[in-house]
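*Asks:* So that you have it, the file is coords-v6.pdb, and it contains PDB, C-alpha atoms, pLDDT in the B column:
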ATOM      1  CA  MET F   1       3.731 -17.395  21.432  1.00 49.00           C
ATOM      2  CA  ILE F   2       6.851 -19.128  20.194  1.00 59.00           C
ATOM      3  CA  GLY F   3       9.927 -18.263  22.214  1.00 69.00           C
ATOM      4  CA  ILE F   4      13.385 -18.186  20.626  1.00 72.00           C
ATOM      5  CA  SER F   5      16.435 -18.323  22.858  1.00 78.00           C
ATOM      6  CA  ARG F   6      19.641 -16.341  22.350  1.00 79.00           C
ATOM      7  CA  GLU F   7      21.447 -19.598  21.579  1.00 81.00           C
ATOM      8  CA  GLN F   8      18.988 -20.386  18.801  1.00 78.00           C
ATOM      9  CA  MET F   9      19.457 -16.903  17.371  1.00 79.00           C
ATOM     10  CA  GLU F  10      23.253 -16.965  17.493  1.00 81.00           C
ATOM     11  CA  HIS F  11      23.710 -18.285  13.942  1.00 82.00           C
ATOM     12  CA  THR F  12      20.393 -17.146  12.504  1.00 82.00           C
ATOM     13  CA  GLU F  13      20.586 -14.577   9.753  1.00 82.00           C
ATOM     14  CA  TYR F  14      16.889 -14.329   8.838  1.00 79.00           C
ATOM     15  CA  ILE F  15      13.561 -15.051  10.470  1.00 75.00           C
ATOM     16  CA  PHE F  16      10.533 -15.175   8.193  1.00 75.00           C
ATOM     17  CA  VAL F  17       7.131 -14.358   9.619  1.00 75.00           C
ATOM     18  CA  ASP F  18       3.681 -13.745   8.237  1.00 78.00           C
ATOM     19  CA  PHE F  19       2.907 -10.091   8.909  1.00 77.00           C
ATOM     20  CA  PHE F  20      -0.762  -9.304   8.206  1.00 77.00           C
ATOM     21  CA  ASP F  21      -3.303 -11.273  10.194  1.00 80.00           C
ATOM     22  CA  THR F  22      -0.493 -12.706  12.300  1.00 82.00           C
ATOM     23  CA  LEU F  23       1.645  -9.949  13.829  1.00 82.00           C
ATOM     24  CA  MET F  24      -0.548  -7.067  12.733  1.00 84.00           C
ATOM     25  CA  PHE F  25      -4.225  -6.643  11.983  1.00 87.00           C
ATOM     26  CA  ARG F  26      -6.149  -4.024  10.009  1.00 86.00           C
ATOM     27  CA  SER F  27      -9.353  -2.517  11.314  1.00 89.00           C
ATOM     28  CA  VAL F  28     -10.698  -2.589   7.736  1.00 88.00           C
ATOM     29  CA  HIS F  29     -10.455  -5.160   4.959  1.00 85.00           C
ATOM     30  CA  SER F  30      -7.550  -4.662   2.553  1.00 80.00           C
ATOM     31  CA  CYS F  31      -9.923  -4.059  -0.378  1.00 82.00           C
ATOM     32  CA  GLN F  32     -11.281  -1.019   1.478  1.00 91.00           C
ATOM     33  CA  MET F  33      -7.840   0.558   1.439  1.00 91.00           C
ATOM     34  CA  THR F  34      -8.066   1.314  -2.292  1.00 93.00           C
ATOM     35  CA  GLU F  35     -11.318   3.178  -1.711  1.00 94.00           C
ATOM     36  CA  ALA F  36      -9.773   5.179   1.145  1.00 95.00           C
ATOM     37  CA  TRP F  37      -6.705   5.951  -1.001  1.00 96.00           C
ATOM     38  CA  ASP F  38      -8.972   7.112  -3.836  1.00 96.00           C
ATOM     39  CA  ARG F  39     -10.973   9.445  -1.593  1.00 96.00           C
ATOM     40  CA  ALA F  40      -7.941  10.931   0.168  1.00 96.00           C
ATOM     41  CA  LEU F  41      -5.807  11.432  -2.935  1.00 96.00           C
ATOM     42  CA  ALA F  42      -8.735  12.683  -5.035  1.00 95.00           C
ATOM     43  CA  ARG F  43      -9.356  15.430  -2.445  1.00 95.00           C
ATOM     44  CA  LYS F  44      -5.694  16.475  -2.588  1.00 94.00           C
ATOM     45  CA  LEU F  45      -5.683  16.530  -6.399  1.00 93.00           C
ATOM     46  CA  GLU F  46      -9.210  17.952  -6.774  1.00 92.00           C
ATOM     47  CA  LEU F  47     -10.398  14.967  -8.804  1.00 93.00           C
ATOM     48  CA  ALA F  48     -13.769  13.276  -8.793  1.00 92.00           C
ATOM     49  CA  ALA F  49     -14.011  10.419  -6.315  1.00 92.00           C
ATOM     50  CA  GLY F  50     -13.626   7.072  -8.049  1.00 94.00           C
ATOM     51  CA  LYS F  51     -11.406   8.335 -10.873  1.00 94.00           C
ATOM     52  CA  LEU F  52      -8.144   7.193  -9.276  1.00 95.00           C
ATOM     53  CA  ARG F  53      -9.658   3.880  -8.205  1.00 95.00           C
ATOM     54  CA  ASP F  54     -10.892   3.221 -11.732  1.00 95.00           C
ATOM     55  CA  CYS F  55      -7.478   4.032 -13.224  1.00 95.00           C
ATOM     56  CA  ARG F  56      -5.790   1.774 -10.683  1.00 95.00           C
ATOM     57  CA  ARG F  57      -8.146  -1.098 -11.496  1.00 94.00           C
ATOM     58  CA  ALA F  58      -7.601  -0.580 -15.225  1.00 95.00           C
ATOM     59  CA  VAL F  59      -3.811  -0.655 -14.835  1.00 95.00           C
ATOM     60  CA  LEU F  60      -4.013  -3.862 -12.814  1.00 95.00           C
ATOM     61  CA  ALA F  61      -6.349  -5.429 -15.361  1.00 95.00           C
ATOM     62  CA  GLU F  62      -3.908  -4.537 -18.150  1.00 95.00           C
ATOM     63  CA  THR F  63      -1.005  -6.123 -16.313  1.00 92.00           C
ATOM     64  CA  GLY F  64      -3.034  -9.237 -15.525  1.00 90.00           C
ATOM     65  CA  ARG F  65      -1.282  -9.405 -12.179  1.00 88.00           C
ATOM     66  CA  ASP F  66      -2.277  -9.115  -8.549  1.00 86.00           C
ATOM     67  CA  GLU F  67      -1.613  -5.704  -7.022  1.00 86.00           C
ATOM     68  CA  CYS F  68       1.083  -7.106  -4.739  1.00 83.00           C
ATOM     69  CA  ALA F  69       2.989  -8.327  -7.820  1.00 90.00           C
ATOM     70  CA  VAL F  70       3.188  -4.879  -9.430  1.00 92.00           C
ATOM     71  CA  ASN F  71       5.957  -2.490  -8.429  1.00 94.00           C
ATOM     72  CA  TYR F  72       4.313   0.474  -6.661  1.00 95.00           C
ATOM     73  CA  HIS F  73       6.386   3.058  -8.542  1.00 96.00           C
ATOM     74  CA  THR F  74       5.357   1.463 -11.846  1.00 95.00           C
ATOM     75  CA  LEU F  75       1.715   1.268 -10.740  1.00 96.00           C
ATOM     76  CA  CYS F  76       1.634   4.967  -9.857  1.00 96.00           C
ATOM     77  CA  GLY F  77       3.346   5.907 -13.107  1.00 96.00           C
ATOM     78  CA  ARG F  78       0.750   4.025 -15.137  1.00 95.00           C
ATOM     79  CA  ILE F  79      -2.104   5.574 -13.119  1.00 96.00           C
ATOM     80  CA  TRP F  80      -0.653   9.034 -13.767  1.00 96.00           C
ATOM     81  CA  GLU F  81      -0.410   8.265 -17.500  1.00 95.00           C
ATOM     82  CA  LYS F  82      -4.052   7.114 -17.575  1.00 93.00           C
ATOM     83  CA  LEU F  83      -5.124  10.338 -15.872  1.00 93.00           C
ATOM     84  CA  LYS F  84      -3.186  12.400 -18.402  1.00 90.00           C
ATOM     85  CA  ASP F  85      -4.631  10.355 -21.293  1.00 88.00           C
ATOM     86  CA  ALA F  86      -8.122  11.058 -19.912  1.00 83.00           C
ATOM     87  CA  SER F  87      -7.279  14.791 -20.013  1.00 80.00           C
ATOM     88  CA  GLU F  88      -7.469  15.117 -16.248  1.00 78.00           C
ATOM     89  CA  ASN F  89      -5.924  18.315 -14.977  1.00 81.00           C
ATOM     90  CA  ILE F  90      -3.084  16.896 -12.871  1.00 86.00           C
ATOM     91  CA  SER F  91      -0.740  19.642 -11.740  1.00 85.00           C
ATOM     92  CA  LEU F  92       1.849  17.150 -10.488  1.00 90.00           C
ATOM     93  CA  GLY F  93       4.506  15.471 -12.555  1.00 93.00           C
ATOM     94  CA  LYS F  94       4.731  11.687 -12.571  1.00 95.00           C
ATOM     95  CA  GLU F  95       7.366  11.485  -9.815  1.00 97.00           C
ATOM     96  CA  ASP F  96       5.538  13.940  -7.549  1.00 96.00           C
ATOM     97  CA  PHE F  97       2.317  11.997  -8.095  1.00 96.00           C
ATOM     98  CA  TYR F  98       4.123   8.822  -7.006  1.00 97.00           C
ATOM     99  CA  LYS F  99       5.476  10.514  -3.866  1.00 97.00           C
ATOM    100  CA  LEU F 100       2.083  11.960  -2.908  1.00 97.00           C
ATOM    101  CA  SER F 101       0.345   8.635  -3.553  1.00 97.00           C
ATOM    102  CA  LEU F 102       2.901   6.733  -1.480  1.00 97.00           C
ATOM    103  CA  GLU F 103       2.660   9.249   1.368  1.00 97.00           C
ATOM    104  CA  THR F 104      -1.141   9.101   1.293  1.00 97.00           C
ATOM    105  CA  GLU F 105      -1.294   5.322   1.189  1.00 95.00           C
ATOM    106  CA  THR F 106       1.325   4.963   3.934  1.00 95.00           C
ATOM    107  CA  CYS F 107      -0.569   7.312   6.264  1.00 95.00           C
ATOM    108  CA  LEU F 108      -3.813   5.456   5.605  1.00 95.00           C
ATOM    109  CA  GLU F 109      -2.173   2.078   6.307  1.00 91.00           C
ATOM    110  CA  PHE F 110      -0.656   3.274   9.565  1.00 92.00           C
ATOM    111  CA  GLY F 111      -4.050   4.590  10.585  1.00 92.00           C
ATOM    112  CA  VAL F 112      -5.789   1.221  10.334  1.00 91.00           C
ATOM    113  CA  GLN F 113      -3.137  -1.213  11.570  1.00 89.00           C
ATOM    114  CA  TYR F 114      -2.788  -2.485  15.100  1.00 88.00           C
ATOM    115  CA  VAL F 115      -0.631  -5.053  16.863  1.00 88.00           C
ATOM    116  CA  ASN F 116      -1.836  -8.574  17.596  1.00 87.00           C
ATOM    117  CA  ARG F 117      -1.344  -8.427  21.360  1.00 85.00           C
ATOM    118  CA  GLU F 118      -1.611 -12.202  21.700  1.00 84.00           C
ATOM    119  CA  ILE F 119       1.627 -12.662  19.778  1.00 78.00           C
ATOM    120  CA  MET F 120       3.504  -9.398  20.265  1.00 68.00           C
ATOM    121  CA  PHE F 121       4.353  -8.089  23.693  1.00 61.00           C
TER     122      PHE F 121
END
Write out the structure in this file as structure tokens.
*Replies:*
Amino acid sequence: MIGISREQMEHTEYIFVDFFDTLMFRSVHSCQMTEAWDRALARKLELAAGKLRDCRRAVLAETGRDECAVNYHTLCGRIWEKLKDASENISLGKEDFYKLSLETETCLEFGVQYVNREIMF
């Protein structure tokens, strides 16, 4: 572990660190999180498993960008629009869909993350 003294911190405004695979680990690979999100949210919305995942992949393919480079609110809005275009019976409005998706994904992330005890104490 790298130690930083109070004197070194006195005039420091920011400290940049790598988070995943440094401070925190996941018990599953990040690509498995989309599958877990799909299953959990599909149950809540009474959709067929895989439908949300497919819409998410399609949105990302259309943007031509990595998922981390797409604003989450925008991503959810586009997924919702794809579901509506596919005549899926979504009882939630776009903003409520975003909130439920964010809540679901956040809970799933917290459930699979754990601290790297070699670095954090």
*Asks:* Can you tell me which residues surround region 69-79 of chain F at a distance of at most 9 Å, considering all atoms listed in the file, apart from same-chain residues fewer than 5 positions away, and format the answer as a ChimeraX atom specification?
*Replies:* /F:52,55-56,58-60,63,84,94-95,97-99,101-102
*Asks:* What does the structure give for the distance between CA of His29 (chain F) and CA of Val115 (chain F), in Å to one decimal?
*Replies:*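 Distance between the two atoms: 15.4 Å.
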*Asks:* May I have the residues within 12 Å of Gln32 (chain F) as a VMD selection string, using all atoms listed in the file and disregarding those fewer than 6 positions away in the same chain?
*Replies:* chain F and resid 26 38 to 39 53 105 108 to 109 112
*Asks:* Using all atoms of region 47-66 of chain F that appear in the file, construct an axis-aligned enclosing box with 5 Å of padding on every side and provide its centre coordinates and edge lengths in Å, rounded to one decimal, as AutoDock Vina command-line options.
*Replies:*
--center_x -7.5 --center_y 2.8 --center_z -12.2 --size_x 23.0 --size_y 34.4 --size_z 21.8
*Asks:* So that I can see what lies close to Ile90 (chain F), please list as a list of chain:residue names the residues with an atom at most 9 Å from it, counting only C-alpha atoms and leaving out residues fewer than 4 positions away in the same chain.
*Replies:* F:Leu45, F:Glu46, F:Leu47, F:Trp80, F:Leu83, F:Lys84, F:Phe97
